[in-house]
Every structure is written in C-alpha cells, then in structure tokens.
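What follows is a single structure, written as structure tokens, with notes after it.
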Amino acid sequence: MSSPAGPARYFPKRLGDHLLGVVAVVTGLMLVGHSLVPNAPGNLGSLLETMLPWTGLVVPALLLAALIRRSVPAVVAALLLGAVWSALFAPLFLGGNGGNGAGGPNLTVITHNVKADNPDPAATVRTLLAADPDLVALEEITDEALPAYRKSLDRRLPHSVHIGTVALWSRYPIAESRRITIDPGWSRSLRALVQGPKGPLAVYVVHLPSVRVGTSGFATGRRDETLGALVRAIDAERQKKVLLLGDLNGATTDRRLEPLTSRLASVEGSGGSGFGFSWPAVFPLTRIDHILTRGVTPTEAWTLPSTGSDHRPVAAGIRA
C-alpha cells in the first residue's frame, strides 16, 4: 500500500518550485521591461529604475532557495535571471580602461554635495585634496562655511567662482563664469569657462531640487522642471568640451533624466568600476551625484571616502 505522505510532500514541493520560477520571471521582466512600467501614479516607473541595480539581490536568494530544495528548474531560472542582470549591469564593472592605448587622464575632477551643516569643512577638504584634483565642484555651500572651504582649497586650486550655494575651484584659469538660471527661486547652478590643459571647456556645477518618497509616490516635479531648463542650457552650449558636475537627485537609470543623459555621457558608464553609489553616505543605495561629459574621454571613475556630508564625493579622470 502506498503512503499518503508521498503525494502530500510532492505537491507542496512542486508549488514551491513554481513560486521560485514566478519570482525569477517577474524580476526578469522588470529588468528588461522597466521602461514599460507606467509612471502614473506616483512616478513608480522612475522609482523602480532608480533602485533597479538592487534587483540583483534576488539572484543569490533564489539560487540558495533552489539549492536547498534541490530543484533543477529553479536553479536554471535563477541562473538565467543572473545572466539577464549581468547583461544590463556587468559593463559598469568593466570600465576604467578609457586611457589604454591613448594616454592617461590630464584632469582629475571631483564633485561633492558637502551638506549645508557639515560640521568639519577642513576635514572634508582634506579628503578631496588627497585625490590631487584639478577641478573641485561643491554644492550646498553656505555663506558661513565658504571661508573655511576657501582657506583650504585656495592654496591648491587658486582659481575659483562661487554663485549662490554652488562653487568651483580650478587649477587652471577661469576665463568667465555666470549663473545658470534653472531654478528661479534658488541660485544653485553655474557655468564656467575653464582654460584647460588642452584648450577651453565649459564646466557646469548643478544642484537639482530634492525628490521625496511618500504616500503620494515618488515626487520629482520640481527636479524635472529644473532639469528641462538645464537641458536647454546644454543645447545652447557652443563649447565642444563640456563637463557637468553636481547633485542631480536622480540615478542615470531614471527615465526622467533621459533628456540630459542622452546629451551627456556618465563617467561611471565608460570609466567606472562599479555602481559608484554616493547616497546616503553611511550605506549608499544609489548614485545621485554625477559627472557627465561631452567631447572628452573619461578614463576612470570612483567614489571617495565619507566626509561630514550625507553624500560621498565622486571623482573621475578625464582626458580633455
């Protein structure tokens, strides 16, 4: 006589295997079809795209569950999901070779949201200068803290411009500078013409408005409005070599940033060696601080150690 426990064990096991397969399929569909996820209501598509790299955590979880259950189909599903994720994100870990065969960088650039209430500007500057930069862009500079930043930065980078809450220090002369009015209510963007080692380049320092996640969803309205004005400024830029440094309050995977990222390339995409997450500093979850370029070659990109800010500084080697 057959034991009734046999079928009872079989069907739960089969149901569990199906559940693992469904999780793998749904996650894979999100990866390849994230652009099809509607942004209404609440900009959910943008929120998904901002956190998209973290879907990779599903792969080891599924694989472990499949091995515990000794389910060959579930193992295959987990490996296929891993292949899809790798196809999207593995190139970010293969960068840093932009200088091979054509000379290394001649500019090291850094951008950092220093946080308005940074308790130790001097220590923050020491962290930045340890990378021996040629250009340093800072956001959330207050009038009270500006002298402390100047005291440490001016000795190494003698040319500077400060407009509103953003500033730029340069090893090379700054021929001209002006405010870029992308947010009429807040002066936090500038454009400078830097006489670089091989000719002029336009340098933009930008801090876009913050976004919030709440009961109404992913609130990006003010950021997106100022982004449109920034894109118009980039479209009007006549210099061939362009650097954009700053806190964009968005990941380059977010579809809302596509009008900008379709015009300027992220250094992390071509010269980085990982995701380069910059926020929050204690345990970075996403990269909202960016170095974008046009007409120059990024050779490497990296993040610097934490400072007194809630953002981590991001840096890049540029051949300009």
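For the structure tokens, the naming scheme is as follows: chains receive sequential letters (A, B, ...) according to their order of presentation, residues are indexed from 1 within each chain, and ligands are indexed from 1 in presentation order.
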
Considering only C-alpha atoms, give me a table of residues in stretch 54-121 of chain A that are at most 9 Å from stretch 141-162 of chain A, with the closest atom pair and distance in Å for each, as a Markdown table.
```
| residue | atom | partner | partner_atom | distance |
| --- | --- | --- | --- | --- |
| A:Asn113 | CA | A:Ile141 | CA | 8.3 |
| A:Val114 | CA | A:Ile141 | CA | 7.1 |
| A:Lys115 | CA | A:Ile141 | CA | 7.4 |
| A:Ala116 | CA | A:Ile141 | CA | 6.0 |
| A:Asp117 | CA | A:Thr142 | CA | 8.4 |
| A:Asn118 | CA | A:Ala145 | CA | 8.5 |
| A:Asp120 | CA | A:Ala148 | CA | 9.0 |
| A:Pro121 | CA | A:Tyr149 | CA | 6.1 |
```

Using only C-alpha atoms, which residues sit within 7 Å of stretch 243-257 of chain A once same-chain residues fewer than 3 positions away are excluded, as a ChimeraX atom specification?
/A:46,49-50,111-113,137,139,202-211,224,260-261,286-294

Excluding A:Pro197 and any residue of its chain fewer than 3 positions from it, enumerate the residues within 9 Å of it, using only C-alpha atoms, and give them as a list in words.
Asn106, Leu107, Tyr172, Pro200 and Ala320 of chain A

I'd like the neighbourhood of A:Thr27 as number ranges by chain, where a residue qualifies if any of its atoms comes within 9 Å (using only C-alpha atoms), though same-chain residues fewer than 3 positions away should be ignored.
A: 22-24, 30-32, 55, 58, 81

Among stretch 27-203 of chain A, which residues does DSSP mark as strand (DSSP E) when it is run on the backbone? Keep the chain and numbering as in the structure and answer as an MDAnalysis selection string.
chainID A and resid 107:113 135:139 159:163 166:170 174:179 189:196 199:203

For those residues, write C-alpha atoms to a file as an mmCIF file, in the first residue's frame.
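Result file follows (result.cif):
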```
data_model
loop_
_atom_site.group_PDB
_atom_site.id
_atom_site.type_symbol
_atom_site.label_atom_id
_atom_site.label_comp_id
_atom_site.auth_asym_id
_atom_site.auth_seq_id
_atom_site.Cartn_x
_atom_site.Cartn_y
_atom_site.Cartn_z
ATOM 1 C CA LEU A 107 42.339 66.211 -15.489
ATOM 2 C CA THR A 108 41.061 64.838 -12.196
ATOM 3 C CA VAL A 109 37.650 66.230 -11.321
ATOM 4 C CA ILE A 110 35.555 65.893 -8.167
ATOM 5 C CA THR A 111 32.012 66.836 -7.266
ATOM 6 C CA HIS A 112 30.656 66.778 -3.742
ATOM 7 C CA ASN A 113 27.477 67.880 -2.013
ATOM 8 C CA LEU A 135 38.690 70.749 -10.559
ATOM 9 C CA VAL A 136 36.501 70.589 -7.446
ATOM 10 C CA ALA A 137 32.792 71.379 -7.601
ATOM 11 C CA LEU A 138 30.907 71.785 -4.325
ATOM 12 C CA GLU A 139 27.189 72.002 -3.682
ATOM 13 C CA HIS A 159 41.077 79.906 -9.436
ATOM 14 C CA SER A 160 37.503 79.804 -8.184
ATOM 15 C CA VAL A 161 33.962 81.021 -8.629
ATOM 16 C CA HIS A 162 31.113 80.967 -6.117
ATOM 17 C CA ILE A 163 27.496 81.642 -7.034
ATOM 18 C CA VAL A 166 27.492 76.140 -5.594
ATOM 19 C CA ALA A 167 31.185 76.754 -6.203
ATOM 20 C CA LEU A 168 34.033 75.618 -8.433
ATOM 21 C CA TRP A 169 37.773 75.553 -7.710
ATOM 22 C CA SER A 170 40.263 75.048 -10.547
ATOM 23 C CA ILE A 174 38.615 80.500 -15.253
ATOM 24 C CA ALA A 175 38.045 82.819 -18.196
ATOM 25 C CA GLU A 176 34.408 83.609 -17.437
ATOM 26 C CA SER A 177 31.562 82.494 -15.213
ATOM 27 C CA ARG A 178 27.872 83.151 -14.731
ATOM 28 C CA ARG A 179 24.775 81.870 -13.034
ATOM 29 C CA SER A 189 23.852 76.360 -10.684
ATOM 30 C CA LEU A 190 26.692 77.987 -12.582
ATOM 31 C CA ARG A 191 28.615 77.760 -15.817
ATOM 32 C CA ALA A 192 32.348 78.491 -16.024
ATOM 33 C CA LEU A 193 34.759 78.509 -18.940
ATOM 34 C CA VAL A 194 37.971 76.839 -17.775
ATOM 35 C CA GLN A 195 41.185 77.153 -19.773
ATOM 36 C CA GLY A 196 42.170 73.505 -19.502
ATOM 37 C CA GLY A 199 42.006 74.239 -24.555
ATOM 38 C CA PRO A 200 38.783 75.606 -23.074
ATOM 39 C CA LEU A 201 35.999 73.505 -21.633
ATOM 40 C CA ALA A 202 32.613 74.525 -20.320
ATOM 41 C CA VAL A 203 32.069 73.372 -16.734
#
```

Shortest interatomic distance to A:Glu140 - which of A:His18, A:Pro38, A:Ser309, A:Glu268, counting only C-alpha atoms:
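Of A:His18, A:Pro38, A:Ser309, A:Glu268, the one nearest A:Glu140 is A:Ser309, counting only C-alpha atoms.
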
Counting only C-alpha atoms, what is within 12 Å of A:Gly228, bar same-chain residues fewer than 2 positions away, as a PyMOL selection string?
chain A and resi 181-183+208+221-226+230-235+256-260

Residue with the minimum atom-to-atom distance to A:Ser278, picked from A:Gly295, A:Arg312, A:Val242, A:Leu304 with only C-alpha atoms counted, is A:Arg312

I need the residues in stretch 32-257 of chain A that are alpha helix (DSSP H) according to DSSP; give them as JSON, numbers by chain.
{"A": [32, 33, 44, 45, 46, 47, 48, 49, 50, 58, 59, 60, 61, 62, 63, 64, 65, 66, 67, 68, 69, 72, 73, 74, 75, 76, 77, 78, 79, 80, 81, 82, 83, 84, 85, 86, 87, 88, 89, 121, 122, 123, 124, 125, 126, 127, 128, 129, 146, 147, 148, 149, 150, 151, 152, 153, 221, 222, 223, 224, 225, 226, 227, 228, 229, 230, 231, 232, 233, 234, 235]}

Do you know which residues are at most 7 Å from A:Gly217 counting only C-alpha atoms, after dropping those on the same chain fewer than 6 positions away, and could you put them as a PyMOL selection string?
chain A and resi 42-44

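Of note, atom CA of A:Val282 and atom CA of A:Asp310 are spaced 7.3 Å apart.
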
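Put simply, atom CA of A:Phe89 is 26.1 Å away from atom CA of A:Ala40.
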
Minimum-distance residue to A:Thr127, chosen among A:Gly317, A:Val267, A:Pro305, A:Gly276 (using only C-alpha atoms):
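Closest candidate: A:Pro305.
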